file upload-v2.cif (mmCIF, N, CA and C atoms)
data_my_file
loop_
_atom_site.label_atom_id
_atom_site.label_comp_id
_atom_site.auth_asym_id
_atom_site.auth_seq_id
_atom_site.Cartn_x
_atom_site.Cartn_y
_atom_site.Cartn_z
N MET A 10 -25.40 -32.96 51.18
CA MET A 10 -26.23 -31.80 51.48
C MET A 10 -27.25 -31.66 50.35
N ALA A 11 -28.45 -31.30 50.74
CA ALA A 11 -29.53 -31.07 49.78
C ALA A 11 -30.09 -29.68 50.00
N ARG A 12 -30.51 -29.06 48.92
CA ARG A 12 -31.15 -27.74 48.99
C ARG A 12 -32.64 -27.93 48.77
N VAL A 13 -33.45 -27.34 49.65
CA VAL A 13 -34.90 -27.49 49.61
C VAL A 13 -35.53 -26.11 49.50
N ARG A 14 -36.50 -26.00 48.60
CA ARG A 14 -37.25 -24.75 48.47
C ARG A 14 -38.73 -25.11 48.47
N PHE A 15 -39.49 -24.43 49.30
CA PHE A 15 -40.93 -24.64 49.37
C PHE A 15 -41.61 -23.68 48.40
N GLU A 16 -42.37 -24.22 47.47
CA GLU A 16 -43.06 -23.41 46.48
C GLU A 16 -44.17 -22.58 47.13
N ASN A 17 -44.27 -21.34 46.69
CA ASN A 17 -45.32 -20.42 47.15
C ASN A 17 -45.36 -20.26 48.66
N LYS A 18 -44.18 -20.28 49.28
CA LYS A 18 -44.07 -20.09 50.73
C LYS A 18 -43.02 -19.02 51.00
N ARG A 19 -43.21 -18.31 52.10
CA ARG A 19 -42.26 -17.29 52.55
C ARG A 19 -41.93 -17.55 54.00
N VAL A 20 -40.65 -17.55 54.32
CA VAL A 20 -40.24 -17.81 55.70
C VAL A 20 -40.75 -16.69 56.60
N ASN A 21 -41.24 -17.08 57.78
CA ASN A 21 -41.69 -16.12 58.78
C ASN A 21 -40.64 -16.13 59.89
N MET A 22 -39.80 -15.11 59.88
CA MET A 22 -38.65 -15.06 60.80
C MET A 22 -39.07 -15.11 62.26
N SER A 23 -40.26 -14.60 62.58
CA SER A 23 -40.70 -14.58 63.97
C SER A 23 -41.07 -15.97 64.48
N LYS A 24 -41.31 -16.92 63.58
CA LYS A 24 -41.69 -18.26 63.99
C LYS A 24 -40.51 -19.22 64.13
N LEU A 25 -39.33 -18.81 63.65
CA LEU A 25 -38.18 -19.72 63.63
C LEU A 25 -37.76 -20.20 65.01
N SER A 26 -37.61 -19.26 65.94
CA SER A 26 -37.12 -19.65 67.27
C SER A 26 -38.15 -20.48 68.02
N GLN A 27 -39.43 -20.25 67.78
CA GLN A 27 -40.47 -21.07 68.41
C GLN A 27 -40.37 -22.52 67.97
N PHE A 28 -39.96 -22.74 66.72
CA PHE A 28 -39.82 -24.10 66.19
C PHE A 28 -38.53 -24.76 66.66
N GLY A 29 -37.51 -23.96 66.98
CA GLY A 29 -36.24 -24.52 67.44
C GLY A 29 -35.03 -24.07 66.65
N PHE A 30 -35.22 -23.20 65.66
CA PHE A 30 -34.08 -22.66 64.92
C PHE A 30 -33.31 -21.71 65.82
N GLU A 31 -31.99 -21.78 65.72
CA GLU A 31 -31.11 -20.89 66.49
C GLU A 31 -30.06 -20.30 65.56
N PRO A 32 -29.66 -19.05 65.81
CA PRO A 32 -28.59 -18.48 64.98
C PRO A 32 -27.27 -19.18 65.27
N ASN A 33 -26.51 -19.49 64.20
CA ASN A 33 -25.20 -20.11 64.39
C ASN A 33 -24.12 -19.03 64.32
N GLN A 34 -22.85 -19.43 64.32
CA GLN A 34 -21.75 -18.48 64.34
C GLN A 34 -21.66 -17.65 63.06
N ASN A 35 -22.26 -18.12 61.96
CA ASN A 35 -22.26 -17.37 60.70
C ASN A 35 -23.46 -16.44 60.58
N GLY A 36 -24.32 -16.41 61.59
CA GLY A 36 -25.49 -15.57 61.55
C GLY A 36 -26.68 -16.22 60.84
N GLN A 37 -26.50 -17.44 60.35
CA GLN A 37 -27.60 -18.17 59.73
C GLN A 37 -28.40 -18.89 60.80
N TYR A 38 -29.68 -19.08 60.52
CA TYR A 38 -30.50 -19.87 61.43
C TYR A 38 -30.32 -21.34 61.13
N GLN A 39 -30.22 -22.13 62.20
CA GLN A 39 -29.94 -23.55 62.08
C GLN A 39 -30.84 -24.32 63.04
N PHE A 40 -31.29 -25.49 62.58
CA PHE A 40 -32.13 -26.37 63.38
C PHE A 40 -31.49 -27.75 63.36
N ARG A 41 -31.37 -28.37 64.53
CA ARG A 41 -30.80 -29.71 64.64
C ARG A 41 -31.81 -30.62 65.33
N ILE A 42 -31.92 -31.85 64.80
CA ILE A 42 -32.83 -32.82 65.40
C ILE A 42 -32.29 -34.22 65.15
N LEU A 43 -32.48 -35.09 66.13
CA LEU A 43 -32.14 -36.50 65.96
C LEU A 43 -33.38 -37.22 65.44
N ILE A 44 -33.17 -38.06 64.42
CA ILE A 44 -34.28 -38.84 63.87
C ILE A 44 -33.91 -40.32 63.88
N MET A 45 -34.89 -41.16 63.64
CA MET A 45 -34.70 -42.61 63.60
C MET A 45 -34.08 -43.11 64.91
N GLN A 46 -34.71 -42.75 66.03
CA GLN A 46 -34.26 -43.15 67.37
C GLN A 46 -32.79 -42.79 67.61
N GLY A 47 -32.39 -41.62 67.10
CA GLY A 47 -31.04 -41.13 67.34
C GLY A 47 -29.98 -41.66 66.41
N GLN A 48 -30.37 -42.44 65.39
CA GLN A 48 -29.38 -42.98 64.45
C GLN A 48 -28.82 -41.89 63.54
N PHE A 49 -29.60 -40.84 63.31
CA PHE A 49 -29.18 -39.77 62.40
C PHE A 49 -29.43 -38.41 63.04
N GLU A 50 -28.54 -37.48 62.73
CA GLU A 50 -28.77 -36.09 63.09
C GLU A 50 -29.06 -35.32 61.81
N MET A 51 -30.16 -34.61 61.83
CA MET A 51 -30.54 -33.79 60.69
C MET A 51 -30.29 -32.34 61.04
N ILE A 52 -29.55 -31.67 60.16
CA ILE A 52 -29.25 -30.25 60.35
C ILE A 52 -29.89 -29.49 59.19
N ILE A 53 -30.67 -28.47 59.54
CA ILE A 53 -31.31 -27.62 58.54
C ILE A 53 -30.76 -26.21 58.73
N GLU A 54 -30.24 -25.64 57.64
CA GLU A 54 -29.76 -24.25 57.67
C GLU A 54 -30.63 -23.41 56.74
N LEU A 55 -31.07 -22.26 57.24
CA LEU A 55 -31.90 -21.36 56.46
C LEU A 55 -31.01 -20.41 55.66
N ASN A 56 -31.22 -20.35 54.35
CA ASN A 56 -30.50 -19.43 53.48
C ASN A 56 -31.23 -18.09 53.43
N THR A 57 -30.54 -17.06 52.98
CA THR A 57 -31.13 -15.73 52.94
C THR A 57 -32.32 -15.65 51.97
N ASP A 58 -32.39 -16.54 50.98
CA ASP A 58 -33.51 -16.53 50.04
C ASP A 58 -34.70 -17.36 50.52
N GLY A 59 -34.62 -17.89 51.74
CA GLY A 59 -35.71 -18.68 52.30
C GLY A 59 -35.61 -20.16 52.03
N SER A 60 -34.66 -20.57 51.20
CA SER A 60 -34.46 -21.99 50.96
C SER A 60 -33.69 -22.61 52.13
N LEU A 61 -33.65 -23.93 52.15
CA LEU A 61 -32.99 -24.65 53.23
C LEU A 61 -31.90 -25.54 52.69
N ASN A 62 -30.79 -25.63 53.41
CA ASN A 62 -29.78 -26.65 53.17
C ASN A 62 -29.94 -27.70 54.25
N THR A 63 -30.00 -28.95 53.85
CA THR A 63 -30.17 -30.03 54.82
C THR A 63 -29.01 -30.99 54.74
N THR A 64 -28.60 -31.47 55.89
CA THR A 64 -27.55 -32.49 55.97
C THR A 64 -28.02 -33.55 56.95
N LEU A 65 -27.88 -34.79 56.56
CA LEU A 65 -28.24 -35.92 57.40
C LEU A 65 -26.96 -36.70 57.70
N THR A 66 -26.63 -36.84 58.98
CA THR A 66 -25.38 -37.47 59.39
C THR A 66 -25.67 -38.69 60.24
N ASP A 67 -24.99 -39.78 59.95
CA ASP A 67 -25.07 -40.99 60.75
C ASP A 67 -24.34 -40.71 62.07
N THR A 68 -25.03 -40.84 63.19
CA THR A 68 -24.43 -40.48 64.48
C THR A 68 -23.38 -41.49 64.94
N THR A 69 -23.41 -42.70 64.40
CA THR A 69 -22.43 -43.71 64.79
C THR A 69 -21.10 -43.49 64.08
N THR A 70 -21.16 -43.22 62.76
CA THR A 70 -19.94 -43.10 61.96
C THR A 70 -19.56 -41.65 61.68
N SER A 71 -20.44 -40.71 61.95
CA SER A 71 -20.25 -39.28 61.66
C SER A 71 -20.12 -39.01 60.16
N GLU A 72 -20.63 -39.92 59.34
CA GLU A 72 -20.59 -39.74 57.89
C GLU A 72 -21.93 -39.21 57.40
N VAL A 73 -21.86 -38.40 56.36
CA VAL A 73 -23.07 -37.84 55.76
C VAL A 73 -23.80 -38.97 55.03
N TYR A 74 -25.12 -39.04 55.24
CA TYR A 74 -25.97 -40.06 54.63
C TYR A 74 -26.74 -39.41 53.49
N VAL A 75 -26.72 -40.04 52.30
CA VAL A 75 -27.39 -39.44 51.14
C VAL A 75 -28.34 -40.39 50.42
N LEU A 76 -28.44 -41.62 50.84
CA LEU A 76 -29.29 -42.57 50.12
C LEU A 76 -30.75 -42.15 50.08
N HIS A 77 -31.20 -41.43 51.08
CA HIS A 77 -32.60 -40.99 51.12
C HIS A 77 -32.90 -39.97 50.02
N LEU A 78 -31.87 -39.43 49.39
CA LEU A 78 -32.05 -38.40 48.35
C LEU A 78 -32.08 -38.98 46.93
N THR A 79 -31.71 -40.23 46.77
CA THR A 79 -31.64 -40.82 45.44
C THR A 79 -32.85 -41.69 45.16
N SER A 80 -33.35 -41.59 43.95
CA SER A 80 -34.52 -42.39 43.58
C SER A 80 -34.14 -43.84 43.30
N GLN A 81 -32.86 -44.14 43.08
CA GLN A 81 -32.43 -45.50 42.80
C GLN A 81 -32.31 -46.36 44.05
N ALA A 82 -32.22 -45.74 45.21
CA ALA A 82 -32.08 -46.49 46.46
C ALA A 82 -33.45 -47.00 46.90
N HIS A 83 -33.52 -48.30 47.17
CA HIS A 83 -34.77 -48.92 47.59
C HIS A 83 -34.53 -49.72 48.86
N GLY A 84 -35.57 -50.04 49.53
CA GLY A 84 -35.48 -50.86 50.72
C GLY A 84 -36.23 -50.23 51.87
N GLN A 85 -36.55 -51.06 52.83
CA GLN A 85 -37.35 -50.61 53.96
C GLN A 85 -36.63 -49.55 54.78
N PHE A 86 -35.34 -49.77 55.07
CA PHE A 86 -34.60 -48.84 55.90
C PHE A 86 -34.47 -47.47 55.23
N VAL A 87 -34.08 -47.47 53.96
CA VAL A 87 -33.95 -46.21 53.22
C VAL A 87 -35.29 -45.49 53.18
N GLY A 88 -36.36 -46.23 53.00
CA GLY A 88 -37.70 -45.64 52.99
C GLY A 88 -38.05 -45.02 54.32
N GLN A 89 -37.69 -45.67 55.42
CA GLN A 89 -37.97 -45.12 56.75
C GLN A 89 -37.17 -43.85 56.99
N VAL A 90 -35.91 -43.85 56.56
CA VAL A 90 -35.08 -42.65 56.72
C VAL A 90 -35.66 -41.51 55.88
N ALA A 91 -36.02 -41.81 54.64
CA ALA A 91 -36.59 -40.79 53.76
C ALA A 91 -37.89 -40.22 54.34
N GLN A 92 -38.72 -41.07 54.92
CA GLN A 92 -39.98 -40.61 55.51
C GLN A 92 -39.73 -39.72 56.72
N ALA A 93 -38.79 -40.11 57.58
CA ALA A 93 -38.45 -39.31 58.76
C ALA A 93 -37.89 -37.95 58.33
N TYR A 94 -37.06 -37.95 57.30
CA TYR A 94 -36.49 -36.72 56.74
C TYR A 94 -37.60 -35.81 56.21
N GLN A 95 -38.53 -36.37 55.42
CA GLN A 95 -39.63 -35.60 54.87
C GLN A 95 -40.56 -35.07 55.96
N ASP A 96 -40.75 -35.85 57.02
CA ASP A 96 -41.60 -35.41 58.13
C ASP A 96 -41.03 -34.16 58.80
N VAL A 97 -39.72 -34.12 58.99
CA VAL A 97 -39.09 -32.95 59.60
C VAL A 97 -39.24 -31.74 58.69
N LEU A 98 -39.01 -31.94 57.39
CA LEU A 98 -39.18 -30.84 56.44
C LEU A 98 -40.62 -30.34 56.42
N TYR A 99 -41.57 -31.25 56.42
CA TYR A 99 -42.98 -30.87 56.43
C TYR A 99 -43.32 -30.06 57.68
N ASN A 100 -42.85 -30.52 58.83
CA ASN A 100 -43.11 -29.79 60.08
C ASN A 100 -42.50 -28.39 60.06
N SER A 101 -41.28 -28.28 59.54
CA SER A 101 -40.66 -26.95 59.47
C SER A 101 -41.42 -26.05 58.51
N GLU A 102 -41.91 -26.60 57.41
CA GLU A 102 -42.71 -25.81 56.47
C GLU A 102 -44.00 -25.33 57.13
N GLN A 103 -44.68 -26.21 57.84
CA GLN A 103 -45.95 -25.86 58.47
C GLN A 103 -45.79 -24.84 59.59
N HIS A 104 -44.68 -24.90 60.33
CA HIS A 104 -44.50 -24.04 61.50
C HIS A 104 -43.70 -22.77 61.24
N CYS A 105 -42.92 -22.72 60.16
CA CYS A 105 -42.01 -21.59 59.95
C CYS A 105 -42.27 -20.79 58.68
N TYR A 106 -43.19 -21.22 57.85
CA TYR A 106 -43.45 -20.56 56.57
C TYR A 106 -44.91 -20.14 56.47
N ASP A 107 -45.13 -19.04 55.76
CA ASP A 107 -46.47 -18.55 55.46
C ASP A 107 -46.72 -18.71 53.97
N ASN A 108 -47.99 -18.82 53.60
CA ASN A 108 -48.34 -18.88 52.18
C ASN A 108 -47.93 -17.59 51.50
N ASP A 109 -47.41 -17.72 50.29
CA ASP A 109 -46.97 -16.57 49.49
C ASP A 109 -47.34 -16.83 48.03
N VAL A 110 -48.63 -17.00 47.80
CA VAL A 110 -49.11 -17.37 46.48
C VAL A 110 -49.01 -16.20 45.51
N PHE A 111 -49.40 -15.03 45.95
CA PHE A 111 -49.44 -13.87 45.08
C PHE A 111 -48.14 -13.09 45.22
N GLN A 112 -47.33 -13.11 44.16
CA GLN A 112 -45.98 -12.58 44.28
C GLN A 112 -45.71 -11.36 43.40
N SER A 113 -46.64 -10.98 42.54
CA SER A 113 -46.40 -9.82 41.69
C SER A 113 -46.70 -8.53 42.47
N THR A 114 -46.16 -7.43 42.01
CA THR A 114 -46.33 -6.15 42.69
C THR A 114 -47.80 -5.74 42.79
N PRO A 115 -48.60 -5.83 41.72
CA PRO A 115 -50.02 -5.45 41.86
C PRO A 115 -50.77 -6.32 42.87
N GLU A 116 -50.47 -7.59 42.87
CA GLU A 116 -51.14 -8.49 43.82
C GLU A 116 -50.77 -8.11 45.25
N ARG A 117 -49.50 -7.85 45.49
CA ARG A 117 -49.06 -7.47 46.84
C ARG A 117 -49.68 -6.14 47.28
N LYS A 118 -49.82 -5.21 46.34
CA LYS A 118 -50.45 -3.92 46.67
C LYS A 118 -51.92 -4.12 47.04
N LEU A 119 -52.60 -4.98 46.32
CA LEU A 119 -54.01 -5.26 46.62
C LEU A 119 -54.16 -5.90 47.99
N ILE A 120 -53.30 -6.84 48.31
CA ILE A 120 -53.33 -7.50 49.61
C ILE A 120 -53.07 -6.49 50.73
N ALA A 121 -52.09 -5.60 50.52
CA ALA A 121 -51.79 -4.57 51.52
C ALA A 121 -52.97 -3.61 51.68
N GLN A 122 -53.64 -3.27 50.58
CA GLN A 122 -54.80 -2.37 50.63
C GLN A 122 -55.95 -3.01 51.42
N VAL A 123 -56.21 -4.27 51.16
CA VAL A 123 -57.28 -4.98 51.89
C VAL A 123 -56.96 -5.00 53.38
N LYS A 124 -55.70 -5.26 53.72
CA LYS A 124 -55.31 -5.29 55.14
C LYS A 124 -55.47 -3.91 55.77
N ALA A 125 -55.08 -2.85 55.04
CA ALA A 125 -55.18 -1.49 55.57
C ALA A 125 -56.64 -1.06 55.74
N VAL A 126 -57.46 -1.38 54.79
CA VAL A 126 -58.86 -0.94 54.84
C VAL A 126 -59.68 -1.76 55.82
N TYR A 127 -59.53 -3.08 55.77
CA TYR A 127 -60.38 -3.96 56.57
C TYR A 127 -59.69 -4.51 57.83
N GLY A 128 -58.37 -4.29 57.94
CA GLY A 128 -57.65 -4.74 59.12
C GLY A 128 -57.52 -6.24 59.24
N ASP A 129 -57.60 -6.94 58.12
CA ASP A 129 -57.56 -8.40 58.16
C ASP A 129 -56.85 -8.92 56.91
N ASP A 130 -56.31 -10.12 57.02
CA ASP A 130 -55.67 -10.75 55.87
C ASP A 130 -56.74 -11.40 54.98
N LEU A 131 -56.40 -11.53 53.71
CA LEU A 131 -57.29 -12.23 52.79
C LEU A 131 -57.34 -13.70 53.16
N GLU A 132 -58.49 -14.30 52.94
CA GLU A 132 -58.63 -15.73 53.13
C GLU A 132 -58.54 -16.42 51.79
N PHE A 133 -57.77 -17.49 51.73
CA PHE A 133 -57.62 -18.24 50.49
C PHE A 133 -58.27 -19.60 50.71
N LEU A 134 -59.33 -19.84 50.00
CA LEU A 134 -60.07 -21.10 50.16
C LEU A 134 -59.67 -22.09 49.11
#
call {"tool": "encode", "arguments": {"input": "upload-v2.cif", "output": "structure tokens"}}
result
Amino acid sequence: MARVRFENKRVNMSKLSQFGFEPNQNGQYQFRILIMQGQFEMIIELNTDGSLNTTLTDTTTSEVYVLHLTSQAHGQFVGQVAQAYQDVLYNSEQHCYDNDVFQSTPERKLIAQVKAVYGDDLEFL
């Protein structure tokens, strides 16, 4: 299992179900996907702090696969698995998280004031 945190991002709970996250029996949101032509099942669980726990399981042996997480593992297959894993994480970040660059109280107050006065979010170029 690996823990993933996206820097300067905040989970948008309203976007989770559109992407495919579903609540599990523990009340956590979970997303499951088969990658590498069904050779692996990737499970992503959303933690209350917005971070993710990921597990990659070999569908043939039902064993957890971890070589994609180590920098010492090399080879074409490990690279393909690591790329497929990163692609899923990137897609979940793009579809389920919003930018959260300004995190201090004064910054948040200014952003809320701009939204209240002008009815629009700030644009970050």
call {"tool": "residues_around", "arguments": {"input": "upload-v2.cif", "residues": "Ser23 in chain A", "least_positions_apart": "5", "cutoff": "12 Å", "atoms": "only C-alpha atoms", "output": "list of chain:residue names"}}
result
A:Phe28, A:Gly29, A:Phe30, A:Glu31, A:Tyr38, A:His104, A:Cys105, A:Tyr106, A:Asp107
call {"tool": "resolve_selection", "arguments": {"input": "upload-v2.cif", "expression": "the PyMOL selection byres ((chain A and resi 41-58) around 7)", "output": "VMD selection string"}}
result
chain A and resid 29 to 31 37 to 40 59 to 69 90 93
call {"tool": "atom_distance", "arguments": {"input": "upload-v2.cif", "atom1": "atom N of Arg14 in chain A", "atom2": "atom C of Leu76 in chain A"}}
result
17.2 Å
call {"tool": "atom_distance", "arguments": {"input": "upload-v2.cif", "atom1": "atom N of Asn17 in chain A", "atom2": "atom N of Pro32 in chain A"}}
result
24.2 Å
call {"tool": "select_by_dssp", "arguments": {"input": "upload-v2.cif", "residues": "range 11-123 of chain A", "states": "strand (DSSP E)", "output": "ChimeraX atom specification"}}
result
/A:11-13,18-20,31-32,38-44,49-55,61-67,106-108
call {"tool": "atom_distance", "arguments": {"input": "upload-v2.cif", "atom1": "CA of Asn21 in chain A", "atom2": "CA of Phe111 in chain A"}}
result
15.9 Å
call {"tool": "closest_residue", "arguments": {"input": "upload-v2.cif", "among": "A:Val73, A:Val20, A:Lys124, A:Val13", "to": "Asn108 in chain A", "atoms": "only N, CA and C atoms"}}
result
A:Val20
call {"tool": "closest_residue", "arguments": {"input": "upload-v2.cif", "among": "A:Asn35, A:Arg117, A:Asp109, A:His77", "to": "Ala91 in chain A", "atoms": "all atoms listed in the file"}}
result
A:His77
call {"tool": "decode", "arguments": {"input": "upload-v2.cif", "residues": "range 67-128 of chain A", "atoms": "C-alpha atoms", "output": "PDB file, in the first residue's frame"}}
result
ATOM      1  CA  ASP A  67      -2.009  -8.989  -9.328  1.00  0.00           C
ATOM      2  CA  THR A  68      -5.340 -10.421 -10.513  1.00  0.00           C
ATOM      3  CA  THR A  69      -3.833 -13.838 -11.278  1.00  0.00           C
ATOM      4  CA  THR A  70      -2.159 -14.481  -7.910  1.00  0.00           C
ATOM      5  CA  SER A  71      -4.171 -12.044  -5.729  1.00  0.00           C
ATOM      6  CA  GLU A  72      -0.867 -10.801  -4.302  1.00  0.00           C
ATOM      7  CA  VAL A  73      -0.079  -7.151  -3.692  1.00  0.00           C
ATOM      8  CA  TYR A  74       2.390  -5.772  -6.251  1.00  0.00           C
ATOM      9  CA  VAL A  75       4.929  -3.195  -5.020  1.00  0.00           C
ATOM     10  CA  LEU A  76       7.779  -3.125  -7.542  1.00  0.00           C
ATOM     11  CA  HIS A  77       6.318  -0.039  -9.223  1.00  0.00           C
ATOM     12  CA  LEU A  78       6.939   1.869  -5.964  1.00  0.00           C
ATOM     13  CA  THR A  79      10.662   1.183  -5.639  1.00  0.00           C
ATOM     14  CA  SER A  80      13.333   3.143  -7.444  1.00  0.00           C
ATOM     15  CA  GLN A  81      15.633   0.086  -7.539  1.00  0.00           C
ATOM     16  CA  ALA A  82      13.275  -1.933  -9.749  1.00  0.00           C
ATOM     17  CA  HIS A  83      14.058  -1.572 -13.448  1.00  0.00           C
ATOM     18  CA  GLY A  84      12.780  -3.119 -16.616  1.00  0.00           C
ATOM     19  CA  GLN A  85      10.215  -2.612 -19.302  1.00  0.00           C
ATOM     20  CA  PHE A  86       7.367  -4.385 -17.501  1.00  0.00           C
ATOM     21  CA  VAL A  87       7.874  -2.561 -14.199  1.00  0.00           C
ATOM     22  CA  GLY A  88       8.046   0.703 -16.125  1.00  0.00           C
ATOM     23  CA  GLN A  89       4.768  -0.036 -17.897  1.00  0.00           C
ATOM     24  CA  VAL A  90       3.063  -0.883 -14.606  1.00  0.00           C
ATOM     25  CA  ALA A  91       4.441   2.272 -12.977  1.00  0.00           C
ATOM     26  CA  GLN A  92       3.228   4.399 -15.910  1.00  0.00           C
ATOM     27  CA  ALA A  93      -0.269   2.874 -15.823  1.00  0.00           C
ATOM     28  CA  TYR A  94      -0.376   3.449 -12.044  1.00  0.00           C
ATOM     29  CA  GLN A  95       0.720   7.092 -12.434  1.00  0.00           C
ATOM     30  CA  ASP A  96      -1.824   7.636 -15.228  1.00  0.00           C
ATOM     31  CA  VAL A  97      -4.685   6.581 -12.941  1.00  0.00           C
ATOM     32  CA  LEU A  98      -3.417   8.845 -10.167  1.00  0.00           C
ATOM     33  CA  TYR A  99      -3.059  11.753 -12.586  1.00  0.00           C
ATOM     34  CA  ASN A 100      -6.609  11.248 -13.892  1.00  0.00           C
ATOM     35  CA  SER A 101      -8.029  11.122 -10.369  1.00  0.00           C
ATOM     36  CA  GLU A 102      -6.141  14.312  -9.486  1.00  0.00           C
ATOM     37  CA  GLN A 103      -7.423  16.114 -12.584  1.00  0.00           C
ATOM     38  CA  HIS A 104     -11.051  15.011 -12.136  1.00  0.00           C
ATOM     39  CA  CYS A 105     -11.499  14.955  -8.337  1.00  0.00           C
ATOM     40  CA  TYR A 106      -9.293  17.731  -6.938  1.00  0.00           C
ATOM     41  CA  ASP A 107      -9.342  21.521  -7.122  1.00  0.00           C
ATOM     42  CA  ASN A 108      -6.370  23.853  -6.841  1.00  0.00           C
ATOM     43  CA  ASP A 109      -5.727  24.962  -3.261  1.00  0.00           C
ATOM     44  CA  VAL A 110      -2.655  27.149  -3.558  1.00  0.00           C
ATOM     45  CA  PHE A 111      -3.604  29.790  -1.012  1.00  0.00           C
ATOM     46  CA  GLN A 112      -4.036  28.106   2.343  1.00  0.00           C
ATOM     47  CA  SER A 113      -3.583  30.798   4.995  1.00  0.00           C
ATOM     48  CA  THR A 114      -6.579  32.432   6.675  1.00  0.00           C
ATOM     49  CA  PRO A 115      -6.014  35.921   5.168  1.00  0.00           C
ATOM     50  CA  GLU A 116      -5.671  34.464   1.686  1.00  0.00           C
ATOM     51  CA  ARG A 117      -8.859  32.434   2.073  1.00  0.00           C
ATOM     52  CA  LYS A 118     -10.725  35.512   3.343  1.00  0.00           C
ATOM     53  CA  LEU A 119      -9.579  37.528   0.335  1.00  0.00           C
ATOM     54  CA  ILE A 120     -10.686  34.792  -2.061  1.00  0.00           C
ATOM     55  CA  ALA A 121     -14.090  34.587  -0.334  1.00  0.00           C
ATOM     56  CA  GLN A 122     -14.437  38.404  -0.510  1.00  0.00           C
ATOM     57  CA  VAL A 123     -13.670  38.457  -4.244  1.00  0.00           C
ATOM     58  CA  LYS A 124     -16.243  35.711  -4.822  1.00  0.00           C
ATOM     59  CA  ALA A 125     -18.863  37.560  -2.742  1.00  0.00           C
ATOM     60  CA  VAL A 126     -18.292  40.929  -4.380  1.00  0.00           C
ATOM     61  CA  TYR A 127     -17.742  39.863  -7.988  1.00  0.00           C
ATOM     62  CA  GLY A 128     -19.544  36.500  -7.998  1.00  0.00           C
TER      63      GLY A 128
END
